[in-house]
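Report on the structure given below.
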Amino acid sequence: MIKSLFGKRLLLVLFIGCFLQVNVDAQIVLFSDDFEAGPGNWDLNKNYQIYGKTTTSGGENLWIINNEYTGNSLATVPNTNLQPAGISANPKSNYLHILSGNLNGVGIKNANYTYLIKGPNEYYMTGMNAPKSTTGLKNVEFSFWWLNWALTDPAGTVTANDTSGQVFYSLNSGATWIPTPKKYVGDSIWKKETISLPAFDNQANLMFAFAFLNPDTGSMPGFAIDKVRLTGVPANLPTAKFSANPRLACLTDTIQFTDLSTGNPTSWKWSFGTGNPKDTSNLQHPKFKFPAPGQYSITLTVRNVNGSGVPLTQTNYITVRDCNLPPVAKFSMNGLNLNEVTICAGDTVFFADSSTGVVNSRYWAFPGAQDDSGVCRIANDTLPQVSVFYPCAGSNGRDTTYTVTLNVGGNGGADFLTKKVIVKACIKSVARLKGEKQRKICTDNCITFTYDAAVEKEYFITEKPTFKWYFWGINDSVWPDYAYNPNGPAGVPGKKDTVFTTSDVTVCYADSGVFKMSLVTENIYGRDSIGYEDIVSVYGYPKVDATIKDEEVLKGYSTVVSTTDKDVKKCSELHEIDLLKGDSCCCYNYFWSYVVDDENVTTGEIFHWTNRSTQIRPSETRYFYVIKENYNRCRAYDSVKVNVTEEFYVGAPDIFSPHKGTSKNKKFYVFGNRITKIQVSIYNRYGQLVFYSDDPKQIVWESDISPVDAGWNGSKDNENGKELDPGVYTYFIKAWHEEGTYKELKGNVTLVR
């Protein structure tokens, strides 16, 4: 992300440098190289022993020193970022960097590299050609500037496996090399690094080396180095340090200085910064009255038996004012005395009151700052230094200008000053997929992934991103047109790799499985990435065979349709963890239906139309269809035909046993179908009528539906307490079919108890 000049890091540096007055030890420069003179201090591409193996020289990559920063016009090798102000001879000074041997041969000589072509991975190393002594020194530091984007994760995420950039040191003139703890990866912008380990102190033969491990994949630039320094501090010299009270004084005040030096100093020399050579002192804790208003820099030099330490100067350490004059309002923003600053939304501005004169009261006004509720509104303060967070740019990310006012008051009057803070959105790209649920498709089908552009409005992103899509498991014989390289060999379009660069991508899958993908977006303010391990679930088409228990049934009767599968879970019954993983083998859905009038599909004659096996009661001869669907909704179809016979049927049992038999012989029923009118008379052996019914609902068991509260239960007129004796009874049945057909039935039935 391209940060504003007034970002939080600069704010912290300014705060420490200007107000904490941190002392800097007396450093001795032992070694320094900006590579402008070439490789004179380094052995390039030498064979060393690290991690139990020999580093490579003459392999796929090499170390080189030049001032090349340009890649190629096809953007397959991007330009190397120019150097910042902290590096000498910037922005295109000589620097030490990794270079692909192949690209070197075609004239591309900036910081680039070749991926691993054949295993194992190769280490390339360059080291100092002579050791340095740090004997008698402490706080030894090895510093350098670097960049390196050679990652192992193609999604652009720094992981623990990213070890392409490393620094080694040797305590025995290069015979043995020891790795430093940090790995230098994941940044294409120049950064400064300082390494300080206790092992560096008081060594006779200290050397350093840089190593590059070519990764399996990743993005350029490769490992690059500049402005190398090795420094240390003498161990036995005194270190100057002091305090003063007060530091903000009136002309009439006398200031007490207190020596806080370490290292057992035996003599002191103070300079009070007035410009008068006589304004000095040799006392350990002197007092001094300053002659005129102003800011004064104080210098202390101390000595002990080993010599003189480095002088400590505290710049503008003492402020002296005429306390009877009115104050003049002044303040800085992020350490700069400008009338306006430009920042990014979400940055903090450090305001420091630098008003002259005696300030007895102070009042800041910060419209646009954030209060405790997180809402953009006016926030105020009375402290001399205030850090203010500006979370909000204008509507839709428009640049917004906020005013800042400082009011100061003193003995002689009051004053105020107004400045401006311009807030830009400066929002880096956000990688988000449109619809983040798992995609479920069948083999040999394609699916489209789309970048969710709504995220730009949601986050006030004004700079459009570029895209890099990465897919695993796709069918590389079916590619969208934009995935072909029109400049292939001999003018024949050739496929690129699996990195797509449009805002939406259509890819196809030939094989079953669960596959991952990732998306990297980047604009001028930064990059973002997302990855999904199981975003695509692909499965083949199931097989289904439909069966029927009875191919021919009486009208009004039911039968069972099923499939030959074993029972498995319905996909709708999967647990949450199964849904996350995706299931392509252990669940199916079934859907039974039939067609009415050659166009309307219905399920009215099906008892449970979503079960694998279910009863049906067809009203006429027809086909029943089943759809078998797996987790991915890949479907297979089959059907069975049921022949319906409309014969008028009436029957009665030969025997029944109340309360003891099965459901059909616990009572006496008339079995039949489509009976609309009936007369049933039952007589004992003496010719006495013991039961009569002319209600079909009371006596008829129609089709295979068990009647409720129906049938003769073996009692006189079905009355409680009038149970009849076991024996043979005679029945007379007259039944009328719904179409008017009439049947009579006479017979005997045995009552068993």
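Here, A, B, ... name the chains of the structure tokens in the order displayed, residue numbers run from 1 inside each chain, and ligands are numbered from 1 in the same displayed order.
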
Find the spatial neighbours of Gly222 in chain A, counting only C-alpha atoms, within a cut-off of 10 Å - ignore same-chain residues fewer than 3 positions away - and output them as a ChimeraX atom specification.
/A:80,97-100,110-114,146-151,164-165,185,187-188,212-214,218-219

Residue neighbourhood Thr559 in chain A, 6 Å, only C-alpha atoms, exclusion window fewer than 6 positions, as a compact mmCIF listing (two decimals) with C-alpha atoms, in the first residue's frame:
```txt
# COMPACT_ATOMS: atom_id res chain seq x y z
CA ASP A 550 -46.99 -54.67 -8.24
CA GLN A 615 -46.40 -46.00 -1.70
CA ILE A 616 -48.45 -44.81 -4.63
```

Shell around range 349-360 of chain A at 8 Å using only C-alpha atoms, local window under 3 positions removed, as a VMD selection string
chain A and resid 6 to 8 11 321 to 335 384 to 390 408 to 411

Selection export as an mmCIF file, in the first residue's frame, atoms kept: N, CA and C atoms:
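Written file, result-v8.cif:
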```cif
data_model
loop_
_atom_site.group_PDB
_atom_site.id
_atom_site.type_symbol
_atom_site.label_atom_id
_atom_site.label_comp_id
_atom_site.auth_asym_id
_atom_site.auth_seq_id
_atom_site.Cartn_x
_atom_site.Cartn_y
_atom_site.Cartn_z
ATOM 1 N N PHE A 6 2.577 11.294 5.781
ATOM 2 C CA PHE A 6 2.274 11.609 7.166
ATOM 3 C C PHE A 6 1.650 10.422 7.864
ATOM 4 N N GLY A 7 2.141 9.214 7.614
ATOM 5 C CA GLY A 7 1.595 8.000 8.210
ATOM 6 C C GLY A 7 2.026 7.841 9.650
ATOM 7 N N LYS A 8 1.582 6.741 10.232
ATOM 8 C CA LYS A 8 1.789 6.531 11.656
ATOM 9 C C LYS A 8 3.250 6.287 11.993
ATOM 10 N N LEU A 11 4.982 9.543 12.288
ATOM 11 C CA LEU A 11 4.526 10.200 13.494
ATOM 12 C C LEU A 11 5.292 9.697 14.700
ATOM 13 N N ARG A 321 11.369 32.148 27.739
ATOM 14 C CA ARG A 321 10.400 33.104 27.224
ATOM 15 C C ARG A 321 10.327 34.339 28.108
ATOM 16 N N ASP A 322 9.873 35.402 27.481
ATOM 17 C CA ASP A 322 9.516 36.601 28.239
ATOM 18 C C ASP A 322 8.071 36.406 28.671
ATOM 19 N N CYS A 323 7.865 36.082 29.923
ATOM 20 C CA CYS A 323 6.553 35.672 30.412
ATOM 21 C C CYS A 323 5.540 36.810 30.458
ATOM 22 N N ASN A 324 5.949 38.051 30.131
ATOM 23 C CA ASN A 324 5.020 39.175 30.162
ATOM 24 C C ASN A 324 4.474 39.533 28.780
ATOM 25 N N LEU A 325 4.906 38.831 27.693
ATOM 26 C CA LEU A 325 4.418 39.107 26.349
ATOM 27 C C LEU A 325 3.252 38.170 26.008
ATOM 28 N N PRO A 326 2.309 38.611 25.154
ATOM 29 C CA PRO A 326 1.210 37.722 24.753
ATOM 30 C C PRO A 326 1.750 36.600 23.874
ATOM 31 N N PRO A 327 1.127 35.414 23.920
ATOM 32 C CA PRO A 327 1.600 34.297 23.092
ATOM 33 C C PRO A 327 1.213 34.498 21.630
ATOM 34 N N VAL A 328 1.978 33.839 20.736
ATOM 35 C CA VAL A 328 1.669 33.805 19.310
ATOM 36 C C VAL A 328 1.384 32.342 18.952
ATOM 37 N N ALA A 329 0.182 32.109 18.466
ATOM 38 C CA ALA A 329 -0.238 30.734 18.172
ATOM 39 C C ALA A 329 0.545 30.155 17.005
ATOM 40 N N LYS A 330 1.158 29.007 17.222
ATOM 41 C CA LYS A 330 1.855 28.263 16.185
ATOM 42 C C LYS A 330 1.713 26.776 16.495
ATOM 43 N N PHE A 331 1.639 25.977 15.464
ATOM 44 C CA PHE A 331 1.666 24.534 15.692
ATOM 45 C C PHE A 331 2.123 23.830 14.424
ATOM 46 N N SER A 332 2.646 22.640 14.613
ATOM 47 C CA SER A 332 3.103 21.814 13.486
ATOM 48 C C SER A 332 2.173 20.620 13.338
ATOM 49 N N MET A 333 2.153 20.070 12.121
ATOM 50 C CA MET A 333 1.362 18.864 11.839
ATOM 51 C C MET A 333 2.307 17.796 11.319
ATOM 52 N N ASN A 334 2.417 16.718 12.069
ATOM 53 C CA ASN A 334 3.365 15.644 11.738
ATOM 54 C C ASN A 334 4.777 16.185 11.596
ATOM 55 N N GLY A 335 5.124 17.131 12.461
ATOM 56 C CA GLY A 335 6.472 17.676 12.492
ATOM 57 C C GLY A 335 6.762 18.703 11.417
ATOM 58 N N PRO A 384 -0.768 20.025 24.944
ATOM 59 C CA PRO A 384 0.162 20.678 24.005
ATOM 60 C C PRO A 384 0.480 19.817 22.782
ATOM 61 N N GLN A 385 0.467 18.498 22.923
ATOM 62 C CA GLN A 385 0.678 17.603 21.789
ATOM 63 C C GLN A 385 -0.497 16.625 21.738
ATOM 64 N N VAL A 386 -1.090 16.487 20.553
ATOM 65 C CA VAL A 386 -2.292 15.674 20.408
ATOM 66 C C VAL A 386 -2.164 14.831 19.139
ATOM 67 N N SER A 387 -2.436 13.530 19.253
ATOM 68 C CA SER A 387 -2.539 12.657 18.083
ATOM 69 C C SER A 387 -4.015 12.500 17.744
ATOM 70 N N VAL A 388 -4.382 12.812 16.509
ATOM 71 C CA VAL A 388 -5.787 12.811 16.108
ATOM 72 C C VAL A 388 -5.968 11.832 14.950
ATOM 73 N N PHE A 389 -6.926 10.959 15.124
ATOM 74 C CA PHE A 389 -7.237 9.940 14.122
ATOM 75 C C PHE A 389 -8.332 10.470 13.196
ATOM 76 N N TYR A 390 -8.062 10.426 11.880
ATOM 77 C CA TYR A 390 -9.039 10.873 10.884
ATOM 78 C C TYR A 390 -9.549 9.653 10.115
ATOM 79 N N VAL A 408 -4.757 29.988 21.855
ATOM 80 C CA VAL A 408 -3.883 30.066 23.028
ATOM 81 C C VAL A 408 -4.104 31.397 23.728
ATOM 82 N N GLY A 409 -3.980 31.382 25.037
ATOM 83 C CA GLY A 409 -4.125 32.599 25.833
ATOM 84 C C GLY A 409 -3.018 32.707 26.855
ATOM 85 N N GLY A 410 -2.602 33.924 27.182
ATOM 86 C CA GLY A 410 -1.555 34.161 28.164
ATOM 87 C C GLY A 410 -1.786 35.444 28.925
ATOM 88 N N ASN A 411 -0.764 35.866 29.687
ATOM 89 C CA ASN A 411 -0.898 37.074 30.499
ATOM 90 C C ASN A 411 -1.144 38.306 29.649
#
```

Which neighbours of Ile178 in chain A fall inside 8 Å, counting only C-alpha atoms, when residues of the same chain fewer than 4 positions from it are skipped, and could you give them as a PyMOL selection string?
chain A and resi 50+168-170

Atoms to include: C-alpha atoms. Write the selected residues as an mmCIF file, in the first residue's frame.
```
data_model
loop_
_atom_site.group_PDB
_atom_site.id
_atom_site.type_symbol
_atom_site.label_atom_id
_atom_site.label_comp_id
_atom_site.auth_asym_id
_atom_site.auth_seq_id
_atom_site.Cartn_x
_atom_site.Cartn_y
_atom_site.Cartn_z
ATOM 1 C CA ILE A 50 25.063 -23.982 4.734
ATOM 2 C CA PHE A 168 24.102 -15.497 7.567
ATOM 3 C CA TYR A 169 27.081 -14.595 9.769
ATOM 4 C CA SER A 170 30.388 -16.317 10.470
#
```

Please extract the residues of range 261-432 of chain A with a backbone DSSP assignment of strand (DSSP E) and present them as an NGL selection string.
:A and (267-271 or 280-281 or 287-288 or 294-304 or 307-308 or 312-321 or 331-333 or 340-344 or 347-353 or 361-366 or 379-381 or 385-390 or 400-410 or 413-424)

Nearest residue to Thr730 in chain A from the set A:Gln698, A:Gln688, A:Thr400, A:Gln49 (distances using only C-alpha atoms):
A:Gln688

Any idea what's packed within 6 Å of range 438-448 of chain A, counting only C-alpha atoms, ignoring anything in its chain fewer than 4 positions away? Could you give it as number ranges by chain?
A: 505-511, 535-540, 632, 634

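As for CA of Pro542 in chain A and CA of Asn630 in chain A, they are spaced 6.9 Å apart.
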
In range 392-621 of chain A, what's helix (DSSP H, G or I) per DSSP? Answer as a list in words?
Ser395, Asn396, Gly397, Ala454, Val455, Glu456, Lys457, Glu458, Asp481, Tyr482, Ala483, Pro489, Ala490, Gly491, Cys571, Ser572, Glu573, Glu576, Ile577, Asp578, Leu579, Leu580 and Lys581 of chain A

Write a file of the just-selected residues containing N, CA and C atoms, as a short mmCIF file (atom, residue, chain, number, x, y, z; two decimals), in the first residue's frame.
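Heads up, here's the output in selection-v6.cif:
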```cif
data_model
loop_
_atom_site.label_atom_id
_atom_site.label_comp_id
_atom_site.auth_asym_id
_atom_site.auth_seq_id
_atom_site.Cartn_x
_atom_site.Cartn_y
_atom_site.Cartn_z
N SER A 395 -18.07 11.61 1.20
CA SER A 395 -19.01 10.66 0.63
C SER A 395 -18.42 10.03 -0.62
N ASN A 396 -18.56 8.70 -0.71
CA ASN A 396 -18.04 7.94 -1.85
C ASN A 396 -16.54 8.12 -2.03
N GLY A 397 -15.83 8.36 -0.94
CA GLY A 397 -14.38 8.44 -1.01
C GLY A 397 -13.84 9.75 -1.54
N ALA A 454 -19.03 -4.64 -5.72
CA ALA A 454 -19.74 -3.86 -4.71
C ALA A 454 -18.86 -3.51 -3.54
N VAL A 455 -17.77 -4.24 -3.37
CA VAL A 455 -16.86 -3.95 -2.26
C VAL A 455 -16.20 -2.57 -2.41
N GLU A 456 -16.09 -2.10 -3.66
CA GLU A 456 -15.47 -0.80 -3.88
C GLU A 456 -16.33 0.33 -3.32
N LYS A 457 -17.62 0.24 -3.53
CA LYS A 457 -18.52 1.25 -2.97
C LYS A 457 -18.61 1.10 -1.46
N GLU A 458 -18.61 -0.12 -1.00
CA GLU A 458 -18.73 -0.39 0.43
C GLU A 458 -17.55 0.17 1.21
N ASP A 481 -11.55 -17.64 -24.19
CA ASP A 481 -10.74 -16.99 -25.23
C ASP A 481 -9.64 -16.12 -24.64
N TYR A 482 -9.94 -15.40 -23.55
CA TYR A 482 -8.94 -14.46 -23.03
C TYR A 482 -7.78 -15.18 -22.34
N ALA A 483 -7.86 -16.50 -22.20
CA ALA A 483 -6.76 -17.24 -21.59
C ALA A 483 -5.74 -17.71 -22.61
N PRO A 489 3.85 -19.44 -30.43
CA PRO A 489 4.86 -19.82 -31.42
C PRO A 489 4.28 -19.84 -32.83
N ALA A 490 4.99 -19.26 -33.76
CA ALA A 490 4.62 -19.26 -35.19
C ALA A 490 3.21 -18.72 -35.40
N GLY A 491 2.82 -17.78 -34.56
CA GLY A 491 1.51 -17.16 -34.72
C GLY A 491 0.35 -18.00 -34.25
N CYS A 571 -29.45 -35.55 1.31
CA CYS A 571 -28.47 -34.46 1.37
C CYS A 571 -28.96 -33.32 2.26
N SER A 572 -30.27 -33.17 2.36
CA SER A 572 -30.82 -32.11 3.22
C SER A 572 -30.65 -32.43 4.70
N GLU A 573 -30.26 -33.68 5.02
CA GLU A 573 -30.11 -34.09 6.42
C GLU A 573 -28.65 -34.09 6.86
N GLU A 576 -23.76 -29.93 9.72
CA GLU A 576 -23.12 -28.70 9.25
C GLU A 576 -21.70 -28.95 8.77
N ILE A 577 -20.98 -29.84 9.46
CA ILE A 577 -19.59 -30.10 9.07
C ILE A 577 -19.55 -30.76 7.71
N ASP A 578 -20.56 -31.61 7.39
CA ASP A 578 -20.60 -32.24 6.07
C ASP A 578 -20.86 -31.22 4.99
N LEU A 579 -21.72 -30.23 5.29
CA LEU A 579 -22.01 -29.20 4.30
C LEU A 579 -20.79 -28.36 4.01
N LEU A 580 -19.96 -28.13 5.04
CA LEU A 580 -18.75 -27.34 4.82
C LEU A 580 -17.77 -28.10 3.93
N LYS A 581 -17.64 -29.38 4.15
CA LYS A 581 -16.68 -30.15 3.38
C LYS A 581 -17.20 -30.47 1.99
#
```
